[in-house]
Amino acid sequence: MDSHHNSQPASSHPPDAFRKAIEARDHAALIQTFAPDVVFHSPIVYQDYVGRDTVAPVLAAVMDVFADFSYVDEFTALDGKVLLFRTRVGERDMEGVDILKFDAIGLVREFTVMVRPYSAATALRAAMA
């Protein structure tokens with residue numbers, strides 16, 4: 001099921017820059033897609049991570065932990081998008097979503113990740129410890 005449409009924020013930052021950076025495993029390019037005051041809602045930590053400098057090392061670690069990562073679907077709105085992914089953490093298959101909300105110039109201002117199943121989420125928590 002594919003739910004693409006052409007809504008996007010008016011900006012100098014392409015709305016697919018986040019996805020392209022993740023797929024290329026380009027951490028530096030990924031961090032540049034975030035607003036300076038981005039808020040990251042982690043699937044395994046209660047407290048939010050705020051700001052590019054705080055989010056950067058967390059996402060670098062996640063990129064190292066995820067194996068065979070791929071986006072399998074994308075849903076787009078005027079001010080954001082949801083990217084469905086599949087990956088593996090250790091021996092556990094994982095499915096999840098990246099929920100992105102863009103600011104007025106197209107940078108990611110809010111980033112939420114949700115994952116399933118619970119056993120994969122606990123494997124992710126252990127791998128990130």
# chains A, B, ... in the order shown; residues from 1 in each chain; ligands from 1
call {"tool": "select_by_dssp", "arguments": {"residues": "chain A", "states": "strand (DSSP E or B)", "output": "PyMOL selection string"}}
result
chain A and resi 3+34-41+49-50+67-77+80-89+92-102+108-116
call {"tool": "residues_around", "arguments": {"residues": "Asp73 of chain A", "least_positions_apart": "2", "cutoff": "7 Å", "atoms": "only C-alpha atoms", "output": "PyMOL selection string"}}
result
chain A and resi 2+71+75+83-84
call {"tool": "write_last_selection", "arguments": {"atoms": "N, CA, C and O atoms", "output": "PDB file, in the first residue's frame"}}
result
ATOM      1  N   ASP A   2       0.680   2.117  -0.904  1.00  0.00           N
ATOM      2  CA  ASP A   2       1.489   3.305  -1.038  1.00  0.00           C
ATOM      3  C   ASP A   2       0.578   4.519  -1.006  1.00  0.00           C
ATOM      4  O   ASP A   2      -0.385   4.578  -1.743  1.00  0.00           O
ATOM      5  N   TYR A  71      13.193   1.367   4.372  1.00  0.00           N
ATOM      6  CA  TYR A  71      11.855   1.936   4.403  1.00  0.00           C
ATOM      7  C   TYR A  71      10.990   1.146   3.432  1.00  0.00           C
ATOM      8  O   TYR A  71      11.419   0.825   2.326  1.00  0.00           O
ATOM      9  N   PHE A  75       3.953   7.913   4.086  1.00  0.00           N
ATOM     10  CA  PHE A  75       2.676   8.622   4.125  1.00  0.00           C
ATOM     11  C   PHE A  75       2.995  10.094   4.343  1.00  0.00           C
ATOM     12  O   PHE A  75       3.728  10.426   5.264  1.00  0.00           O
ATOM     13  N   LEU A  83       7.226   7.450   7.886  1.00  0.00           N
ATOM     14  CA  LEU A  83       7.995   6.483   7.119  1.00  0.00           C
ATOM     15  C   LEU A  83       7.965   5.146   7.855  1.00  0.00           C
ATOM     16  O   LEU A  83       8.409   5.059   9.003  1.00  0.00           O
ATOM     17  N   LEU A  84       7.435   4.126   7.207  1.00  0.00           N
ATOM     18  CA  LEU A  84       7.379   2.784   7.780  1.00  0.00           C
ATOM     19  C   LEU A  84       8.669   2.060   7.427  1.00  0.00           C
ATOM     20  O   LEU A  84       9.080   2.050   6.266  1.00  0.00           O
TER      21      LEU A  84
END
call {"tool": "residues_around", "arguments": {"residues": "Ile31 of chain A", "least_positions_apart": "4", "cutoff": "8 Å", "atoms": "only C-alpha atoms", "output": "count of residues only"}}
result
3
call {"tool": "atom_distance", "arguments": {"atom1": "atom CA of Met114 of chain A", "atom2": "atom CA of Phe85 of chain A"}}
result
10.2 Å
call {"tool": "closest_residue", "arguments": {"among": "A:Ala67, A:Ala129, A:Ile22, A:Val45", "to": "Asp98 of chain A", "atoms": "only C-alpha atoms"}}
result
A:Ile22
call {"tool": "residues_around", "arguments": {"residues": "Glu23 of chain A", "least_positions_apart": "4", "cutoff": "9 Å", "atoms": "only C-alpha atoms", "output": "list of chain:residue names"}}
result
A:Phe18, A:Arg19, A:Phe69, A:Ser70, A:Tyr71
call {"tool": "write_last_selection", "arguments": {"atoms": "C-alpha atoms", "output": "PDB file, in the first residue's frame"}}
result
ATOM      1  CA  PHE A  18      15.724  12.821   5.870  1.00  0.00           C
ATOM      2  CA  ARG A  19      14.871   9.555   4.112  1.00  0.00           C
ATOM      3  CA  PHE A  69      17.301  -1.271   7.543  1.00  0.00           C
ATOM      4  CA  SER A  70      14.842  -0.327   4.818  1.00  0.00           C
ATOM      5  CA  TYR A  71      11.855   1.936   4.403  1.00  0.00           C
TER       6      TYR A  71
END
call {"tool": "closest_residue", "arguments": {"among": "A:Val82, A:Val65, A:Met128, A:Val97", "to": "Asp16 of chain A", "atoms": "only C-alpha atoms"}}
result
A:Val82
call {"tool": "closest_residue", "arguments": {"among": "A:Phe66, A:Tyr49, A:Phe40, A:Phe34", "to": "Arg125 of chain A", "atoms": "only C-alpha atoms"}}
result
A:Phe66
call {"tool": "closest_residue", "arguments": {"among": "A:Arg116, A:Lys20, A:Arg109, A:Arg88", "to": "Val55 of chain A", "atoms": "only C-alpha atoms"}}
result
A:Arg109
call {"tool": "residues_around", "arguments": {"residues": "Val39 of chain A", "least_positions_apart": "3", "cutoff": "12 Å", "atoms": "only C-alpha atoms", "output": "compact mmCIF listing (two decimals) with N, CA, C and O atoms, in the first residue's frame"}}
result
# COMPACT_ATOMS: atom_id res chain seq x y z
N PHE A 34 17.62 18.36 10.52
CA PHE A 34 16.93 18.74 11.76
C PHE A 34 17.02 20.22 12.04
O PHE A 34 18.07 20.85 11.82
N ALA A 35 15.92 20.79 12.54
CA ALA A 35 15.94 22.15 13.06
C ALA A 35 16.89 22.17 14.27
O ALA A 35 17.06 21.16 14.95
N PRO A 36 17.53 23.30 14.55
CA PRO A 36 18.46 23.36 15.69
C PRO A 36 17.81 22.94 17.01
O PRO A 36 18.48 22.35 17.86
N SER A 42 11.97 9.23 21.70
CA SER A 42 12.54 7.89 21.55
C SER A 42 11.51 6.82 21.90
O SER A 42 10.68 7.02 22.79
N GLN A 47 12.22 10.41 28.59
CA GLN A 47 12.50 11.83 28.42
C GLN A 47 12.90 12.12 26.97
O GLN A 47 13.63 11.36 26.34
N ASP A 48 12.40 13.24 26.44
CA ASP A 48 12.72 13.65 25.07
C ASP A 48 14.16 14.12 24.98
O ASP A 48 14.73 14.62 25.95
N TYR A 49 14.73 13.99 23.79
CA TYR A 49 16.03 14.57 23.47
C TYR A 49 15.74 15.85 22.71
O TYR A 49 14.97 15.86 21.75
N VAL A 50 16.37 16.96 23.13
CA VAL A 50 16.08 18.27 22.53
C VAL A 50 17.37 18.87 21.99
O VAL A 50 18.38 18.95 22.70
N GLY A 51 17.31 19.29 20.73
CA GLY A 51 18.43 19.96 20.09
C GLY A 51 19.28 19.02 19.24
O GLY A 51 19.45 17.86 19.57
N ARG A 52 19.79 19.57 18.15
CA ARG A 52 20.63 18.80 17.22
C ARG A 52 21.81 18.14 17.91
O ARG A 52 22.12 16.98 17.64
N ASP A 53 22.49 18.89 18.78
CA ASP A 53 23.70 18.36 19.43
C ASP A 53 23.39 17.21 20.37
O ASP A 53 24.25 16.35 20.60
N THR A 54 22.19 17.18 20.92
CA THR A 54 21.79 16.10 21.80
C THR A 54 21.31 14.89 21.01
O THR A 54 21.60 13.74 21.36
N VAL A 55 20.62 15.13 19.92
CA VAL A 55 20.05 14.06 19.09
C VAL A 55 21.13 13.34 18.29
O VAL A 55 21.07 12.13 18.09
N ALA A 56 22.14 14.07 17.83
CA ALA A 56 23.16 13.51 16.93
C ALA A 56 23.81 12.23 17.44
O ALA A 56 23.84 11.22 16.71
N ILE A 99 8.02 9.28 12.56
CA ILE A 99 7.00 10.31 12.37
C ILE A 99 7.73 11.66 12.38
O ILE A 99 8.33 12.03 13.40
N LEU A 100 7.68 12.35 11.27
CA LEU A 100 8.40 13.60 11.11
C LEU A 100 7.42 14.76 10.99
O LEU A 100 6.45 14.68 10.25
N LYS A 101 7.70 15.84 11.72
CA LYS A 101 6.95 17.09 11.56
C LYS A 101 7.95 18.15 11.15
O LYS A 101 9.01 18.29 11.77
N PHE A 102 7.62 18.89 10.08
CA PHE A 102 8.52 19.89 9.52
C PHE A 102 8.20 21.29 10.02
O PHE A 102 7.04 21.62 10.29
N ASP A 103 9.24 22.14 10.09
CA ASP A 103 9.02 23.55 10.40
C ASP A 103 8.71 24.29 9.09
O ASP A 103 8.60 23.69 8.02
N LEU A 107 12.72 21.92 7.71
CA LEU A 107 13.57 21.12 8.59
C LEU A 107 12.68 20.30 9.55
O LEU A 107 11.57 20.72 9.88
N VAL A 108 13.20 19.19 10.00
CA VAL A 108 12.46 18.35 10.94
C VAL A 108 12.49 19.03 12.31
O VAL A 108 13.55 19.22 12.89
N ARG A 109 11.30 19.40 12.80
CA ARG A 109 11.22 20.06 14.11
C ARG A 109 10.86 19.08 15.22
O ARG A 109 11.13 19.31 16.39
N GLU A 110 10.20 17.97 14.81
CA GLU A 110 9.81 16.95 15.78
C GLU A 110 9.94 15.59 15.10
O GLU A 110 9.54 15.42 13.95
N PHE A 111 10.51 14.65 15.83
CA PHE A 111 10.83 13.33 15.29
C PHE A 111 10.45 12.29 16.34
O PHE A 111 10.99 12.29 17.44
N THR A 112 9.47 11.45 16.01
CA THR A 112 9.01 10.40 16.92
C THR A 112 9.24 9.06 16.26
O THR A 112 8.95 8.88 15.08
N VAL A 113 9.75 8.10 17.03
CA VAL A 113 9.94 6.74 16.54
C VAL A 113 9.11 5.81 17.39
O VAL A 113 9.12 5.90 18.63
call {"tool": "atom_distance", "arguments": {"atom1": "atom CA of Thr87 of chain A", "atom2": "atom CA of Val115 of chain A"}}
result
10.1 Å
call {"tool": "closest_residue", "arguments": {"among": "A:Pro15, A:Pro43, A:Ala126, A:Ala21", "to": "Glu74 of chain A", "atoms": "only C-alpha atoms"}}
result
A:Pro15
call {"tool": "atom_distance", "arguments": {"atom1": "atom CA of Glu91 of chain A", "atom2": "atom CA of Ala127 of chain A"}}
result
11.5 Å
